[in-house]
$ cat work01.cif   # mmCIF, C-alpha atoms and all ligand atoms
data_entry
loop_
_atom_site.label_atom_id
_atom_site.label_comp_id
_atom_site.auth_asym_id
_atom_site.auth_seq_id
_atom_site.Cartn_x
_atom_site.Cartn_y
_atom_site.Cartn_z
CA MET G 1051 137.27 184.33 120.62
CA LEU G 1052 133.61 184.07 121.58
CA GLU G 1053 131.40 182.16 119.21
CA SER G 1054 128.87 184.49 117.57
CA ILE G 1055 125.16 183.98 118.19
CA ASN G 1056 123.56 183.77 114.76
CA ILE G 1057 120.11 185.26 114.37
CA LEU G 1058 117.89 184.97 111.31
CA LEU G 1059 115.87 188.12 110.61
CA LEU G 1060 113.11 188.33 107.99
CA ASP G 1061 110.96 191.20 106.79
CA ASP G 1062 109.86 192.18 103.30
CA ASP G 1063 109.90 195.83 104.41
CA LEU G 1064 113.51 196.68 103.65
CA HIS G 1065 113.45 199.76 105.84
CA ILE G 1066 112.41 197.77 108.95
CA LEU G 1067 114.77 194.94 108.00
CA ASP G 1068 117.77 197.23 107.84
CA SER G 1069 116.93 199.16 110.95
CA VAL G 1070 116.36 196.05 113.11
CA ARG G 1071 119.50 194.38 111.73
CA MET G 1072 121.67 197.37 112.59
CA ASN G 1073 120.16 197.81 116.03
CA LEU G 1074 120.54 194.13 116.96
CA SER G 1075 124.09 194.03 115.58
CA SER G 1076 124.97 197.09 117.64
CA LEU G 1077 124.23 195.10 120.82
CA GLY G 1078 127.50 193.28 120.07
CA GLU G 1079 126.24 189.80 120.92
CA TYR G 1080 124.58 188.83 117.68
CA ARG G 1081 125.49 188.18 114.13
CA VAL G 1082 122.33 189.01 112.20
CA PHE G 1083 121.54 187.40 108.84
CA ALA G 1084 118.81 189.50 107.23
CA TYR G 1085 116.57 188.42 104.33
CA SER G 1086 113.52 189.97 102.71
CA ASP G 1087 112.41 186.59 101.23
CA ALA G 1088 112.04 183.48 103.41
CA ARG G 1089 112.88 181.22 100.46
CA ASP G 1090 116.31 182.86 100.19
CA ALA G 1091 116.85 182.40 103.92
CA ILE G 1092 116.05 178.67 103.63
CA ALA G 1093 118.26 178.25 100.58
CA ASN G 1094 121.19 179.65 102.57
CA ILE G 1095 120.48 178.12 105.98
CA GLU G 1096 123.14 175.39 105.80
CA GLY G 1097 125.84 175.85 108.45
CA LYS G 1098 124.31 178.98 110.04
CA ASP G 1099 123.19 177.21 113.21
CA TYR G 1100 120.71 179.94 114.16
CA ALA G 1101 119.98 180.50 117.84
CA ALA G 1102 116.68 182.28 117.06
CA VAL G 1103 114.50 183.48 114.18
CA ILE G 1104 112.70 186.82 114.06
CA THR G 1105 110.22 186.95 111.22
CA ASP G 1106 107.48 189.17 109.90
CA VAL G 1107 104.21 187.25 109.44
CA ASP G 1108 102.85 188.93 106.36
CA MET G 1109 105.35 188.39 103.53
CA PRO G 1110 104.94 187.49 99.85
CA GLY G 1111 106.08 184.06 98.65
CA MET G 1112 106.56 182.24 101.95
CA ASN G 1113 104.93 183.93 104.92
CA GLY G 1114 106.05 183.89 108.54
CA LEU G 1115 103.70 181.07 109.58
CA GLN G 1116 104.94 178.86 106.75
CA LEU G 1117 108.52 179.60 107.74
CA LEU G 1118 107.63 178.77 111.37
CA GLN G 1119 106.34 175.34 110.31
CA TRP G 1120 109.40 174.76 108.14
CA MET G 1121 111.75 175.66 111.00
CA LYS G 1122 109.98 173.28 113.41
CA ASP G 1123 110.70 170.44 110.98
CA TYR G 1124 114.24 171.59 110.27
CA ASP G 1125 115.35 172.25 113.86
CA ALA G 1126 112.73 172.30 116.61
CA THR G 1127 115.22 173.80 119.10
CA VAL G 1128 115.28 177.19 117.29
CA PRO G 1129 112.71 179.61 118.82
CA VAL G 1130 110.74 181.65 116.28
CA ILE G 1131 109.59 185.17 117.22
CA LEU G 1132 106.80 186.50 115.01
CA ILE G 1133 106.30 190.14 114.19
CA THR G 1134 102.82 191.02 113.09
CA GLY G 1135 100.99 194.14 112.10
CA SER G 1136 97.69 192.34 112.46
CA GLN G 1137 95.60 191.72 115.56
CA GLU G 1138 93.75 188.82 113.96
CA THR G 1139 93.31 186.17 116.60
CA ASP G 1140 93.18 183.42 113.92
CA ILE G 1141 96.79 184.11 112.98
CA LEU G 1142 97.87 184.22 116.62
CA MET G 1143 96.10 180.93 117.39
CA GLU G 1144 97.68 179.28 114.40
CA ALA G 1145 101.10 180.56 115.38
CA ILE G 1146 100.67 179.18 118.91
CA ARG G 1147 99.60 175.85 117.46
CA TYR G 1148 102.73 175.71 115.31
CA GLY G 1149 104.90 176.47 118.34
CA ALA G 1150 105.87 180.15 117.93
CA TYR G 1151 108.07 181.32 120.81
CA ASP G 1152 106.66 184.85 121.15
CA PHE G 1153 104.96 187.73 119.27
CA LEU G 1154 105.69 191.37 118.76
CA LYS G 1155 103.16 193.79 117.38
CA LYS G 1156 104.28 196.49 115.00
CA PRO G 1157 105.43 199.07 115.83
CA PHE G 1158 107.68 197.60 118.53
CA SER G 1159 110.58 198.96 120.55
CA LEU G 1160 114.07 197.56 120.13
CA SER G 1161 114.35 197.10 123.89
CA ASP G 1162 111.26 194.83 123.89
CA LEU G 1163 112.71 192.82 121.01
CA ALA G 1164 116.10 192.61 122.75
CA ILE G 1165 114.49 191.21 125.94
CA ILE G 1166 112.45 188.63 124.05
CA LEU G 1167 115.43 187.68 121.88
CA LYS G 1168 117.71 187.22 124.90
CA ARG G 1169 115.19 184.85 126.52
CA ALA G 1170 114.72 183.01 123.22
CA VAL G 1171 118.48 182.53 122.81
CA GLU G 1172 118.74 181.22 126.39
CA LYS G 1173 115.90 178.80 125.71
CA HIS G 1174 117.62 177.62 122.56
CA GLY G 1175 120.82 177.01 124.57
CA LEU G 1176 118.93 174.86 127.06
CA LEU G 1177 117.09 172.92 124.34
CA ARG G 1178 120.34 172.37 122.45
CA GLN G 1179 122.06 171.11 125.61
CA ASN G 1180 119.15 168.78 126.17
CA VAL G 1181 119.46 167.42 122.62
CA LEU G 1182 123.24 166.99 122.98
CA HIS G 1183 122.75 165.21 126.29
CA HIS G 1184 120.11 162.98 124.73
CA ASN G 1185 122.37 162.20 121.75
CA HIS G 1186 125.26 161.50 124.11
CA LEU G 1187 123.10 159.08 126.08
CA GLU G 1188 121.95 157.42 122.87
CA SER G 1189 125.50 156.97 121.60
CA MET G 1190 126.54 155.64 125.02
CA VAL G 1191 123.69 153.11 124.90
CA GLU G 1192 124.69 152.16 121.34
CA ALA G 1193 128.33 151.70 122.35
CA ARG G 1194 127.38 149.59 125.37
CA THR G 1195 125.01 147.49 123.22
CA ARG G 1196 127.83 146.92 120.73
CA GLU G 1197 130.18 145.88 123.54
CA LEU G 1198 127.52 143.58 124.98
CA ASN G 1199 126.91 141.97 121.58
CA GLN G 1200 130.64 141.42 121.11
CA THR G 1201 130.91 139.85 124.57
CA THR G 1202 127.89 137.64 123.89
CA LYS G 1203 129.46 136.58 120.59
CA LYS G 1204 132.72 135.72 122.34
CA LEU G 1205 130.84 133.76 125.00
CA GLU G 1206 128.93 131.86 122.31
CA MET G 1207 132.18 131.04 120.51
CA SER G 1208 133.81 129.91 123.74
CA TYR G 1209 130.70 127.86 124.56
CA LEU G 1210 130.78 126.19 121.12
CA ASN G 1211 134.52 125.54 121.49
CA THR G 1212 133.86 123.85 124.84
CA ILE G 1213 131.23 121.69 123.15
CA ARG G 1214 133.71 120.82 120.38
CA ALA G 1215 136.29 119.85 123.03
CA MET G 1216 133.72 117.58 124.68
CA ILE G 1217 132.98 115.92 121.33
CA ASN G 1218 136.68 115.46 120.62
CA ALA G 1219 137.05 113.84 124.05
CA MET G 1220 134.25 111.45 123.13
CA GLU G 1221 135.45 110.60 119.62
CA ILE G 1222 139.18 110.30 120.37
CA ASN G 1223 138.67 106.79 121.76
CA ASP G 1224 136.41 105.67 118.97
CA GLU G 1225 137.79 105.99 115.46
CA TYR G 1226 134.62 104.45 114.05
CA THR G 1227 132.47 107.32 115.21
CA HIS G 1228 135.00 110.01 114.27
CA GLY G 1229 133.17 112.90 112.61
CA HIS G 1230 129.79 111.27 113.33
CA SER G 1231 128.54 114.09 115.58
CA GLU G 1232 129.40 116.78 113.04
CA ARG G 1233 127.80 114.84 110.17
CA VAL G 1234 124.64 114.26 112.24
CA ALA G 1235 124.53 117.96 113.08
CA ALA G 1236 124.97 118.89 109.41
CA ILE G 1237 122.21 116.49 108.26
CA SER G 1238 119.93 117.70 111.07
CA LEU G 1239 120.46 121.32 110.03
CA LEU G 1240 119.68 120.53 106.39
CA ILE G 1241 116.45 118.81 107.45
CA GLY G 1242 115.65 121.66 109.89
CA SER G 1243 116.16 124.16 107.10
CA ALA G 1244 113.83 122.20 104.78
CA LEU G 1245 111.25 122.23 107.58
CA GLU G 1246 111.71 126.02 107.87
CA LEU G 1247 112.61 125.97 111.57
CA SER G 1248 113.20 129.32 113.28
CA LYS G 1249 116.77 130.60 113.82
CA GLU G 1250 116.42 129.87 117.53
CA GLU G 1251 115.39 126.25 116.86
CA MET G 1252 118.22 125.83 114.33
CA ASP G 1253 120.74 126.99 116.97
CA LEU G 1254 119.35 124.50 119.51
CA LEU G 1255 119.33 121.77 116.87
CA ARG G 1256 123.00 122.45 116.02
CA ILE G 1257 124.14 122.17 119.64
CA GLY G 1258 121.89 119.22 120.50
CA ALA G 1259 122.92 117.26 117.41
CA LEU G 1260 126.61 117.88 118.11
CA LEU G 1261 126.17 116.64 121.68
CA HIS G 1262 123.67 113.85 121.09
CA ASP G 1263 126.09 110.96 121.71
CA LEU G 1264 128.16 112.62 124.44
CA GLY G 1265 127.06 109.92 126.89
CA LYS G 1266 129.21 107.40 125.00
CA ILE G 1267 132.12 108.80 127.02
CA GLY G 1268 130.61 106.72 129.79
CA ILE G 1269 130.61 103.47 127.74
CA THR G 1270 133.71 101.29 127.91
CA THR G 1271 135.86 101.04 124.77
CA GLN G 1272 135.58 97.22 124.95
CA ILE G 1273 131.88 97.59 124.23
CA LEU G 1274 132.26 100.42 121.71
CA HIS G 1275 134.98 98.54 119.77
CA LYS G 1276 133.53 95.04 120.04
CA ASP G 1277 133.55 93.37 116.63
CA GLN G 1278 130.91 90.79 117.51
CA SER G 1279 127.28 91.03 118.49
CA LEU G 1280 126.71 92.64 121.86
CA THR G 1281 125.34 90.61 124.76
CA ASP G 1282 122.04 91.75 126.27
CA THR G 1283 123.91 93.27 129.22
CA GLU G 1284 126.29 95.13 126.94
CA TYR G 1285 123.39 96.39 124.85
CA ASP G 1286 121.60 97.52 128.03
CA ASP G 1287 124.75 99.46 128.90
CA ILE G 1288 124.81 101.13 125.46
CA LYS G 1289 121.17 102.07 125.90
CA LEU G 1290 122.09 104.15 128.93
CA HIS G 1291 124.20 106.62 126.90
CA PRO G 1292 121.39 109.19 126.46
CA ILE G 1293 120.92 109.35 130.24
CA LYS G 1294 124.68 109.49 130.81
CA GLY G 1295 124.95 112.29 128.25
CA LEU G 1296 122.30 114.28 130.07
CA LYS G 1297 124.19 113.87 133.37
CA ILE G 1298 127.41 115.13 131.77
CA VAL G 1299 125.83 118.34 130.47
CA GLU G 1300 123.70 118.97 133.57
CA PRO G 1301 126.09 121.58 135.11
CA ILE G 1302 126.38 123.79 131.98
CA GLY G 1303 122.78 124.98 131.92
CA LEU G 1304 121.75 123.98 128.42
CA SER G 1305 118.32 124.71 127.00
CA PRO G 1306 115.71 122.02 127.89
CA ARG G 1307 115.28 121.32 124.15
CA VAL G 1308 118.99 120.57 123.74
CA LYS G 1309 118.69 118.19 126.70
CA ASN G 1310 115.65 116.60 125.01
CA ILE G 1311 117.76 115.90 121.93
CA ILE G 1312 120.46 114.19 124.02
CA LEU G 1313 117.92 112.18 126.01
CA GLN G 1314 115.42 111.29 123.27
CA HIS G 1315 117.41 110.75 120.06
CA HIS G 1316 116.91 106.95 120.30
CA GLU G 1317 113.23 107.17 121.15
CA ARG G 1318 110.89 106.14 118.32
CA TYR G 1319 107.73 107.62 116.86
CA ASP G 1320 105.78 104.43 117.73
CA GLY G 1321 107.17 104.21 121.28
CA SER G 1322 109.51 101.24 120.67
CA GLY G 1323 112.78 103.11 121.32
CA TYR G 1324 114.96 103.71 124.39
CA PRO G 1325 115.75 104.69 127.13
CA PHE G 1326 112.09 105.32 128.14
CA GLY G 1327 110.00 103.97 125.25
CA ILE G 1328 108.06 107.22 124.92
CA ASP G 1329 106.12 107.85 121.70
CA ASN G 1330 105.63 110.83 119.36
CA SER G 1331 103.32 112.62 121.80
CA GLN G 1332 106.25 113.07 124.19
CA ILE G 1333 109.21 113.25 121.84
CA ASP G 1334 110.65 116.69 121.10
CA PHE G 1335 110.44 117.41 117.37
CA LEU G 1336 114.13 118.44 117.36
CA ALA G 1337 115.02 115.01 118.82
CA ALA G 1338 112.91 113.40 116.06
CA ILE G 1339 115.04 115.22 113.47
CA VAL G 1340 118.32 114.13 115.07
CA SER G 1341 116.98 110.57 115.26
CA VAL G 1342 116.66 110.38 111.46
CA ALA G 1343 120.04 112.07 110.88
CA ASP G 1344 121.75 109.82 113.44
CA SER G 1345 120.28 106.60 112.03
CA PHE G 1346 121.15 107.56 108.46
CA ASP G 1347 124.78 108.38 109.30
CA ALA G 1348 125.10 105.23 111.44
CA MET G 1349 123.86 103.09 108.51
CA ILE G 1350 126.33 104.51 105.98
CA SER G 1351 129.31 104.41 108.42
CA ASN G 1352 131.59 101.42 108.96
CA ARG G 1353 131.37 99.80 112.39
CA PRO G 1354 133.74 97.27 114.01
CA TYR G 1355 131.16 94.54 113.40
CA ARG G 1356 129.90 95.56 109.91
CA LEU G 1357 130.54 97.75 106.85
CA GLY G 1358 128.32 100.74 106.13
CA VAL G 1359 125.63 100.50 103.42
CA ASN G 1360 125.38 102.91 100.48
CA THR G 1361 123.35 106.11 100.77
CA GLY G 1362 120.52 104.84 98.52
CA LYS G 1363 119.97 101.76 100.65
CA ALA G 1364 120.16 103.76 103.88
CA LYS G 1365 117.58 106.19 102.49
CA CYS G 1366 115.21 103.28 101.71
CA GLU G 1367 115.56 102.05 105.29
CA ILE G 1368 114.65 105.50 106.59
CA CYS G 1369 111.59 105.67 104.30
CA GLN G 1370 110.42 102.19 105.30
CA GLN G 1371 110.38 103.34 108.92
CA ARG G 1372 108.18 106.37 108.17
CA ALA G 1373 105.58 106.78 110.94
CA LYS G 1374 107.06 103.69 112.67
CA GLN G 1375 110.53 104.50 113.95
CA PHE G 1376 110.62 108.02 112.51
CA HIS G 1377 108.38 111.07 112.46
CA PRO G 1378 106.68 111.21 109.01
CA GLU G 1379 107.25 114.94 108.52
CA VAL G 1380 110.97 114.52 109.18
CA VAL G 1381 111.20 111.59 106.75
CA ASP G 1382 109.39 113.62 104.08
CA ALA G 1383 111.79 116.53 104.55
CA PHE G 1384 114.74 114.12 104.48
CA GLU G 1385 113.52 112.61 101.21
CA LYS G 1386 112.94 116.03 99.69
CA ILE G 1387 116.55 117.13 100.23
CA GLN G 1388 118.28 113.74 100.01
CA LYS G 1389 120.56 114.80 97.15
CA GLN G 1390 121.74 117.83 99.09
CA ILE G 1391 122.44 115.61 102.11
CA PHE G 1392 124.41 113.06 100.05
CA LYS G 1393 126.47 115.85 98.46
CA THR G 1394 127.18 117.48 101.83
CA LEU G 1395 128.42 114.23 103.33
CA GLU G 1396 130.91 113.81 100.47
CA SER G 1397 132.87 116.81 101.77
CA PRO G 1398 134.00 117.25 105.42
CA ALA G 1399 134.76 120.89 104.53
CA ILE G 1400 131.10 121.55 103.58
CA VAL G 1401 129.98 119.83 106.79
CA LYS G 1402 132.23 122.11 108.85
CA GLU G 1403 131.12 125.18 106.93
CA LEU G 1404 127.48 124.33 107.60
CA LEU G 1405 128.16 124.04 111.31
CA THR G 1406 129.93 127.37 111.61
CA GLU G 1407 127.12 129.31 109.93
CA VAL G 1408 125.41 131.58 112.43
FE FE G 1501 123.16 107.76 120.19
#
$ encode --input "work01.cif" --output "structure tokens"
Amino acid sequence: MLESINILLLDDDLHILDSVRMNLSSLGEYRVFAYSDARDAIANIEGKDYAAVITDVDMPGMNGLQLLQWMKDYDATVPVILITGSQETDILMEAIRYGAYDFLKKPFSLSDLAIILKRAVEKHGLLRQNVLHHNHLESMVEARTRELNQTTKKLEMSYLNTIRAMINAMEINDEYTHGHSERVAAISLLIGSALELSKEEMDLLRIGALLHDLGKIGITTQILHKDQSLTDTEYDDIKLHPIKGLKIVEPIGLSPRVKNIILQHHERYDGSGYPFGIDNSQIDFLAAIVSVADSFDAMISNRPYRLGVNTGKAKCEICQQRAKQFHPEVVDAFEKIQKQIFKTLESPAIVKELLTEV
């Protein structure tokens, strides 16, 4: 069964309304919905899906021009044919401005109306197809964007899992540093959050802090596990771990700022650190954050050659090195949220939760 072409017809002259309705219906193509009041037509428009509107201009209540404007807002694809008994150019100009499809002057012949209506219905079909095509394209773009986002998410997860595997490889030989990277990352993120870093910087900070000591894979376990003071040569070897770390991650195309964290986390604000002895002017701020987090966690952790100190004492050490070893802004942020840091470190579960937040 063919779908009917619905036409909205409006005229307050009931005689004209009835006559036009019957004549158009007799053409067999159209289902004509006739109203003498535009407000009634609007109240019942839901689900009609009109292919064209034929309306008298001069009507009480809501006139044809007002209906034309309303239709353009409701569905701009529906052509509106105006019937007018007036020759006033003002009305015609206004109708053109509002986007009327065509005009018919009373009295008009049914054949003229039928020709105009046929063209209007064809135009509506084309406009509707255009809209459907546009909507289809939009939904295709949305679907592809969703797929792309899911793939990106999976890649990010796989990337983070690779990083975790690298950290496990590093920590498996060194029980004393077990969990160190995750704790440093958690402390760094808490400080970063207190400093109101952007989401992008927080993501880089998370990855850089997790990877900061990766270069220790390249340090022999004899040195890492030594329970006596290191010789100068051994210490020189340890001091190469930032450079070794950078070499390890070179092939995976990390952000330069993540590389800065790996390379600079033992550099000091006053230039007395290693491996290059650069000062604040050249140290990446993210590396300065990891430096504080790393030193704090190292102080409170047990080492083969010494026991860790309590959090209060470690905090004092950090504060004493303000604007010497450490960036003053980072120390201030650390001090501000010290209680939150201490509480986080009490629970490995909270540390993990912090690191999985996206
Ligand atoms: Fe380190």
$ closest_residue --input "work01.cif" --among "G:Ile1298, G:His1291, G:Asp1162, G:Ala1193" --to "Met1216 (chain G)" --atoms "all atoms listed in the file"
G:Ile1298
$ closest_residue --input "work01.cif" --among "G:Arg1169, G:His1174, G:Arg1356, G:Lys1156" --to "Asp1277 (chain G)" --atoms "only C-alpha atoms"
G:Arg1356
$ closest_atom_pairs --input "work01.cif" --of "chain G" --to "ligand FE 1501 (chain G)" --cutoff "12 Å" --atoms "all atoms listed in the file" --output "JSON lines"
{"residue": "G:Thr1227", "atom": "CA", "partner": "G:FE1501", "partner_atom": "FE", "distance": 10.6}
{"residue": "G:His1230", "atom": "CA", "partner": "G:FE1501", "partner_atom": "FE", "distance": 10.2}
{"residue": "G:Ser1231", "atom": "CA", "partner": "G:FE1501", "partner_atom": "FE", "distance": 9.5}
{"residue": "G:Val1234", "atom": "CA", "partner": "G:FE1501", "partner_atom": "FE", "distance": 10.4}
{"residue": "G:Gly1258", "atom": "CA", "partner": "G:FE1501", "partner_atom": "FE", "distance": 11.5}
{"residue": "G:Ala1259", "atom": "CA", "partner": "G:FE1501", "partner_atom": "FE", "distance": 9.9}
{"residue": "G:Leu1260", "atom": "CA", "partner": "G:FE1501", "partner_atom": "FE", "distance": 10.9}
{"residue": "G:Leu1261", "atom": "CA", "partner": "G:FE1501", "partner_atom": "FE", "distance": 9.5}
{"residue": "G:His1262", "atom": "CA", "partner": "G:FE1501", "partner_atom": "FE", "distance": 6.2}
{"residue": "G:Asp1263", "atom": "CA", "partner": "G:FE1501", "partner_atom": "FE", "distance": 4.6}
{"residue": "G:Leu1264", "atom": "CA", "partner": "G:FE1501", "partner_atom": "FE", "distance": 8.2}
{"residue": "G:Gly1265", "atom": "CA", "partner": "G:FE1501", "partner_atom": "FE", "distance": 8.0}
{"residue": "G:Lys1266", "atom": "CA", "partner": "G:FE1501", "partner_atom": "FE", "distance": 7.7}
{"residue": "G:Ile1267", "atom": "CA", "partner": "G:FE1501", "partner_atom": "FE", "distance": 11.3}
{"residue": "G:Ile1269", "atom": "CA", "partner": "G:FE1501", "partner_atom": "FE", "distance": 11.4}
{"residue": "G:Leu1274", "atom": "CA", "partner": "G:FE1501", "partner_atom": "FE", "distance": 11.8}
{"residue": "G:Ile1288", "atom": "CA", "partner": "G:FE1501", "partner_atom": "FE", "distance": 8.6}
{"residue": "G:Lys1289", "atom": "CA", "partner": "G:FE1501", "partner_atom": "FE", "distance": 8.3}
{"residue": "G:Leu1290", "atom": "CA", "partner": "G:FE1501", "partner_atom": "FE", "distance": 9.5}
{"residue": "G:His1291", "atom": "CA", "partner": "G:FE1501", "partner_atom": "FE", "distance": 6.9}
{"residue": "G:Pro1292", "atom": "CA", "partner": "G:FE1501", "partner_atom": "FE", "distance": 6.7}
{"residue": "G:Ile1293", "atom": "CA", "partner": "G:FE1501", "partner_atom": "FE", "distance": 10.4}
{"residue": "G:Lys1294", "atom": "CA", "partner": "G:FE1501", "partner_atom": "FE", "distance": 10.9}
{"residue": "G:Gly1295", "atom": "CA", "partner": "G:FE1501", "partner_atom": "FE", "distance": 9.4}
{"residue": "G:Leu1296", "atom": "CA", "partner": "G:FE1501", "partner_atom": "FE", "distance": 11.9}
{"residue": "G:Ile1311", "atom": "CA", "partner": "G:FE1501", "partner_atom": "FE", "distance": 9.9}
{"residue": "G:Ile1312", "atom": "CA", "partner": "G:FE1501", "partner_atom": "FE", "distance": 8.0}
{"residue": "G:Leu1313", "atom": "CA", "partner": "G:FE1501", "partner_atom": "FE", "distance": 9.0}
{"residue": "G:Gln1314", "atom": "CA", "partner": "G:FE1501", "partner_atom": "FE", "distance": 9.0}
{"residue": "G:His1315", "atom": "CA", "partner": "G:FE1501", "partner_atom": "FE", "distance": 6.5}
{"residue": "G:His1316", "atom": "CA", "partner": "G:FE1501", "partner_atom": "FE", "distance": 6.3}
{"residue": "G:Glu1317", "atom": "CA", "partner": "G:FE1501", "partner_atom": "FE", "distance": 10.0}
{"residue": "G:Gly1323", "atom": "CA", "partner": "G:FE1501", "partner_atom": "FE", "distance": 11.4}
{"residue": "G:Tyr1324", "atom": "CA", "partner": "G:FE1501", "partner_atom": "FE", "distance": 10.1}
{"residue": "G:Pro1325", "atom": "CA", "partner": "G:FE1501", "partner_atom": "FE", "distance": 10.6}
{"residue": "G:Ala1337", "atom": "CA", "partner": "G:FE1501", "partner_atom": "FE", "distance": 11.0}
{"residue": "G:Val1340", "atom": "CA", "partner": "G:FE1501", "partner_atom": "FE", "distance": 9.5}
{"residue": "G:Ser1341", "atom": "CA", "partner": "G:FE1501", "partner_atom": "FE", "distance": 8.4}
{"residue": "G:Val1342", "atom": "CA", "partner": "G:FE1501", "partner_atom": "FE", "distance": 11.2}
{"residue": "G:Ala1343", "atom": "CA", "partner": "G:FE1501", "partner_atom": "FE", "distance": 10.7}
{"residue": "G:Asp1344", "atom": "CA", "partner": "G:FE1501", "partner_atom": "FE", "distance": 7.2}
{"residue": "G:Ser1345", "atom": "CA", "partner": "G:FE1501", "partner_atom": "FE", "distance": 8.7}
{"residue": "G:Phe1346", "atom": "CA", "partner": "G:FE1501", "partner_atom": "FE", "distance": 11.9}
{"residue": "G:Asp1347", "atom": "CA", "partner": "G:FE1501", "partner_atom": "FE", "distance": 11.0}
{"residue": "G:Ala1348", "atom": "CA", "partner": "G:FE1501", "partner_atom": "FE", "distance": 9.3}
$ residues_near_point --input "work01.cif" --point "(110.4, 113.9, 109.0)" --cutoff "9 Å" --atoms "all atoms listed in the file" --output "PyMOL selection string"
chain G and resi 1241+1245+1338-1339+1342+1372-1373+1376-1385
$ closest_residue --input "work01.cif" --among "G:Val1128, G:Met1072, G:Ile1237, G:Leu1255" --to "Val1181 (chain G)" --atoms "all atoms listed in the file"
G:Val1128
